[in-house]
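Student: Below you will find the structure I want to go over with you.
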Protein chains: 2
Amino acid sequence: MTPPRPYHHGNLRQALLDRAATKLHEKGAAELSLRELSGEIGVTHAAPRRYFPDRQALLDALAVEGFARLGARLREAAATPGGPAERIRSIADAYIGFTTSEPNLVELMFAHKHGAGAEAVARSAAEAFAPILDVFRQARPEGGPQDAQRAGLVFLATFQGLAGLISCGIVPPHQIDELVADAVARFDGNGRPAPDTA
Amino acid sequence: MTPPRPYHHGNLRQALLDRAATKLHEKGAAELSLRELSGEIGVTHAAPRRYFPDRQALLDALAVEGFARLGARLREAAATPGGPAERIRSIADAYIGFTTSEPNLVELMFAHKHGAGAEAVARSAAEAFAPILDVFRQARPEGGPQDAQRAGLVFLATFQGLAGLISCGIVPPHQIDELVADAVARFDGNGRPAPDTA
DNA sequence: ACCTGAACACCGTTCAAGT
DNA sequence: ACCTGAACACCGTTCAAGT
């Protein structure tokens with residue numbers, strides 16, 4: 001007659017994900033331990049197996065959550081008032097803001113070793129990047145979707161690369177703003193020099 | 001009266017590095033095991049300690065070697081005949097060539113968790129990137145070193161980011177060439193639209 | 001359905017001891 | 001100087017068993 005609340009408080013899966021995401025603030029994904037996580041939550045080390053068949057499955061789920069959060073930030077930024085130039089700038093700032101605040105999570109998201117959940121990670125990544133492609137489609141509708149996708153991917157590469165250089169220390173913090181401005185300027189007019197901008 | 005050849009064949013440190021670098025072709029850095037490496041080389045698991053105080057020290061040394069190899073490739077590419085535009089294109093190709101052939105090594109090189117050898121890694125990285133900054137200085141001497149460093153760092157970010165998107169599967173292989181071309185075009189004339197290029 | 005408890009093979013790190 | 005061998009604490013994974 002006990003309610004359907006199990007041994008644990010009801011949602012071990014989410015509890016593990018939340019705790020792991022919190023730990024990613026301080027430690028890298030390599031230091032995440034299922035046993036430690038389990039112990040802190042108050043279950044035995046074998047309990048996670050119901051929800052994550054192995055350690056990689058939890059890392060994949062963390063990556064999916066990370067892309068969902070990043071996608072939400074980018075969608076907000078893409079809805080900024082103004083023309084395409086303002087929205088592109090806003091997206092760039094949002095991207096750098098997210099990646100610098102969550103370097104360990106971002107490193108996990110872009111790791112090229114995903115397990116069985118690799119397709120799910122790829123889907124969530126594609127969804128997160130949709131606002132970028134949308135803005136570039138709006139910016140240069142005459143170029144066609146091929147052009148927009150190309151520009152969007154190079155834009156993504158630029159700021160993802162910048163994020164990596166920042167978090168590994170190659171780009172010092174005081175130089176971030178000028179580099180973001182320089183990078184954004186390279187996408188004005190979708191990469192072709194605007195005719196009236198000397 | 002035995003010659004100064006120790007127990008092992010004489011250079012355990014380099015043997016460990018070589019074997020680890022080879023393994024990085026197939027496995028990620030997370031799967032590298034000092035014990036496995038030691039066993040395959042023929043020493044006990046505690047032997048590496050003479051040369052690498054901990055596991056991170058070996059990873060740091062691998063990163064330093066990786067930056068040395070990357071730097072050599074970039075120096076070659078920067079010496080390509082032709083003007084700055086040709087050299088920039090050549091450097092971009094070399095960068096993408098190296099990173100796509102060694103994704104695990106590159107992921108290790110740009111990891112933001114280096115240990116006591118972090119400064120050594122940073123130094124080797126700066127040395128590797130020098131050819132990029134040099135070419136941008138040559139391309140736009142009137143802009144001054146500040147401008148060249150800015151452009152060089154954004155260039156580096158763009159191709160390092162592209163490398164990451166390729167190796168994690170977001171950019172499909174068949175699209176690499178067009179994206180590299182698109183990205184390179186954004187650095188013609190050091191980022192400012194050339195006056196005679198409509 | 002959900003979790004426990006014990007077992008297995010592996011790991012990095014440490015250190016006294018050997019040569 | 002260079003490496004061994006044993007010990008320690010930790011890990012992911014597996015699985016029969018409990019509730």
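Each chain in the structure tokens gets a letter, A, B and so on, in the order shown; residues start at 1 in every chain, and ligands are counted from 1 in the order they appear.
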Dump as a PyMOL selection string the residues of chain C that approach chain A to within 8 Å, counting only C-alpha atoms (C1' of nucleotides).
Tutor: chain C and resi 2-4
Student: Which residues are near D:DG12? Cut-off 10 Å, only C-alpha atoms (C1' of nucleotides), ignore same chain within fewer than 3 positions. Put them as an NGL selection string.
Tutor: (:A and (33-35 or 45-46 or 54-55)) or (:C and (9-10))
Student: Quick check: residues of chain B within 7 Å of chain A, only C-alpha atoms, returned as a PDB file with C-alpha atoms, in the first residue's frame.
Tutor:
```
ATOM      1  CA  ALA B  30      41.117   8.651 -21.288  1.00  0.00           C
ATOM      2  CA  PHE B 110      43.788  21.415 -26.332  1.00  0.00           C
ATOM      3  CA  ALA B 111      42.425  19.921 -23.145  1.00  0.00           C
ATOM      4  CA  HIS B 112      42.130  22.574 -20.487  1.00  0.00           C
ATOM      5  CA  ARG B 150      44.217  39.410 -33.512  1.00  0.00           C
ATOM      6  CA  VAL B 154      40.852  34.283 -34.916  1.00  0.00           C
ATOM      7  CA  ALA B 157      40.255  29.590 -33.589  1.00  0.00           C
ATOM      8  CA  THR B 158      38.413  29.084 -36.853  1.00  0.00           C
ATOM      9  CA  GLN B 160      40.833  24.579 -34.540  1.00  0.00           C
ATOM     10  CA  GLY B 161      37.062  24.850 -34.205  1.00  0.00           C
ATOM     11  CA  LEU B 162      36.552  23.328 -37.621  1.00  0.00           C
ATOM     12  CA  LEU B 165      33.490  19.865 -35.487  1.00  0.00           C
ATOM     13  CA  SER B 167      36.331  14.984 -35.420  1.00  0.00           C
ATOM     14  CA  CYS B 168      33.161  14.953 -33.347  1.00  0.00           C
ATOM     15  CA  LEU B 179      34.163  24.889 -45.456  1.00  0.00           C
ATOM     16  CA  ALA B 183      36.818  30.018 -43.949  1.00  0.00           C
ATOM     17  CA  ARG B 186      37.245  35.314 -44.680  1.00  0.00           C
ATOM     18  CA  GLY B 191      39.868  40.344 -42.694  1.00  0.00           C
ATOM     19  CA  PRO B 193      37.495  43.463 -47.711  1.00  0.00           C
TER      20      PRO B 193
END
```
Student: Can you pull out every residue from stretch 1-195 of chain A that DSSP, working from the backbone, puts in alpha helix (DSSP H), and format the result as a PyMOL selection string?
Tutor: chain A and resi 12-23+34-41+55-78+84-101+103-109+118-139+144-167+176-185
Student: Interatomic distance between atom CA of B:Gly152 and atom CA of B:Ile91?
Tutor: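 Separation between atom CA of B:Gly152 and atom CA of B:Ile91: 11.3 Å.
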Student: Enter the distance from atom CA of B:Ala61 to atom CA of B:Asp18, in Å, rounded to one decimal.
Tutor: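 Between these atoms lies a distance of 10.8 Å.
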Student: Mind checking which residues fall within 12 Å of C:DA6, counting only C-alpha atoms (C1' of nucleotides), ignoring those fewer than 4 positions away in the same chain, and posting them as a list in words?
Tutor: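 The residues that qualify are Ala46 of chain A; DT14, DC15, DA16 and DA17 of chain D.
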Student: Let's have the selection written as a PDB file, in the first residue's frame, with N, CA, C and O atoms (P, O5', C5', C4', C3', O3' and C1' of nucleotides).
Tutor:
```pdb
ATOM      1  N   ALA A  46      25.976   0.125  -7.652  1.00  0.00           N
ATOM      2  CA  ALA A  46      25.382  -0.619  -8.766  1.00  0.00           C
ATOM      3  C   ALA A  46      24.022  -0.051  -9.177  1.00  0.00           C
ATOM      4  O   ALA A  46      23.483  -0.431 -10.213  1.00  0.00           O
TER       5      ALA A  46
ATOM      6  P    DT D  14      29.203  -5.136 -18.102  1.00  0.00           P
ATOM      7  O5'  DT D  14      28.915  -6.328 -17.085  1.00  0.00           O
ATOM      8  C5'  DT D  14      29.960  -7.242 -16.758  1.00  0.00           C
ATOM      9  C4'  DT D  14      29.507  -8.170 -15.634  1.00  0.00           C
ATOM     10  C3'  DT D  14      28.053  -8.675 -15.769  1.00  0.00           C
ATOM     11  O3'  DT D  14      28.079 -10.091 -15.813  1.00  0.00           O
ATOM     12  C1'  DT D  14      28.528  -7.957 -13.553  1.00  0.00           C
ATOM     13  P    DC D  15      26.761 -10.898 -16.268  1.00  0.00           P
ATOM     14  O5'  DC D  15      26.142 -11.375 -14.873  1.00  0.00           O
ATOM     15  C5'  DC D  15      27.006 -11.918 -13.864  1.00  0.00           C
ATOM     16  C4'  DC D  15      26.224 -12.148 -12.590  1.00  0.00           C
ATOM     17  C3'  DC D  15      24.728 -12.436 -12.795  1.00  0.00           C
ATOM     18  O3'  DC D  15      24.301 -13.421 -11.870  1.00  0.00           O
ATOM     19  C1'  DC D  15      24.988 -10.652 -11.323  1.00  0.00           C
ATOM     20  P    DA D  16      23.395 -14.658 -12.407  1.00  0.00           P
ATOM     21  O5'  DA D  16      22.837 -15.308 -11.063  1.00  0.00           O
ATOM     22  C5'  DA D  16      23.755 -15.791 -10.085  1.00  0.00           C
ATOM     23  C4'  DA D  16      23.419 -15.216  -8.724  1.00  0.00           C
ATOM     24  C3'  DA D  16      22.013 -15.556  -8.212  1.00  0.00           C
ATOM     25  O3'  DA D  16      22.097 -16.159  -6.930  1.00  0.00           O
ATOM     26  C1'  DA D  16      22.444 -13.234  -8.043  1.00  0.00           C
ATOM     27  P    DA D  17      20.787 -16.817  -6.278  1.00  0.00           P
ATOM     28  O5'  DA D  17      20.312 -15.649  -5.296  1.00  0.00           O
ATOM     29  C5'  DA D  17      21.235 -15.043  -4.401  1.00  0.00           C
ATOM     30  C4'  DA D  17      20.617 -13.799  -3.805  1.00  0.00           C
ATOM     31  C3'  DA D  17      19.151 -13.971  -3.413  1.00  0.00           C
ATOM     32  O3'  DA D  17      19.082 -14.169  -1.985  1.00  0.00           O
ATOM     33  C1'  DA D  17      19.586 -11.851  -4.474  1.00  0.00           C
TER      34       DA D  17
END
```
Student: With distances taken over only C-alpha atoms, which residue among B:Ile132, B:Leu37, B:Ala63, B:Leu16 lies nearest B:Leu108?
Tutor: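 Smallest distance to B:Leu108 is found for B:Ala63.
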Student: For A:Phe98, find every residue with an atom within 9 Å (counting only C-alpha atoms (C1' of nucleotides)), except residues of its own chain fewer than 4 positions away, and show them as a count of residues only.
Tutor: 8
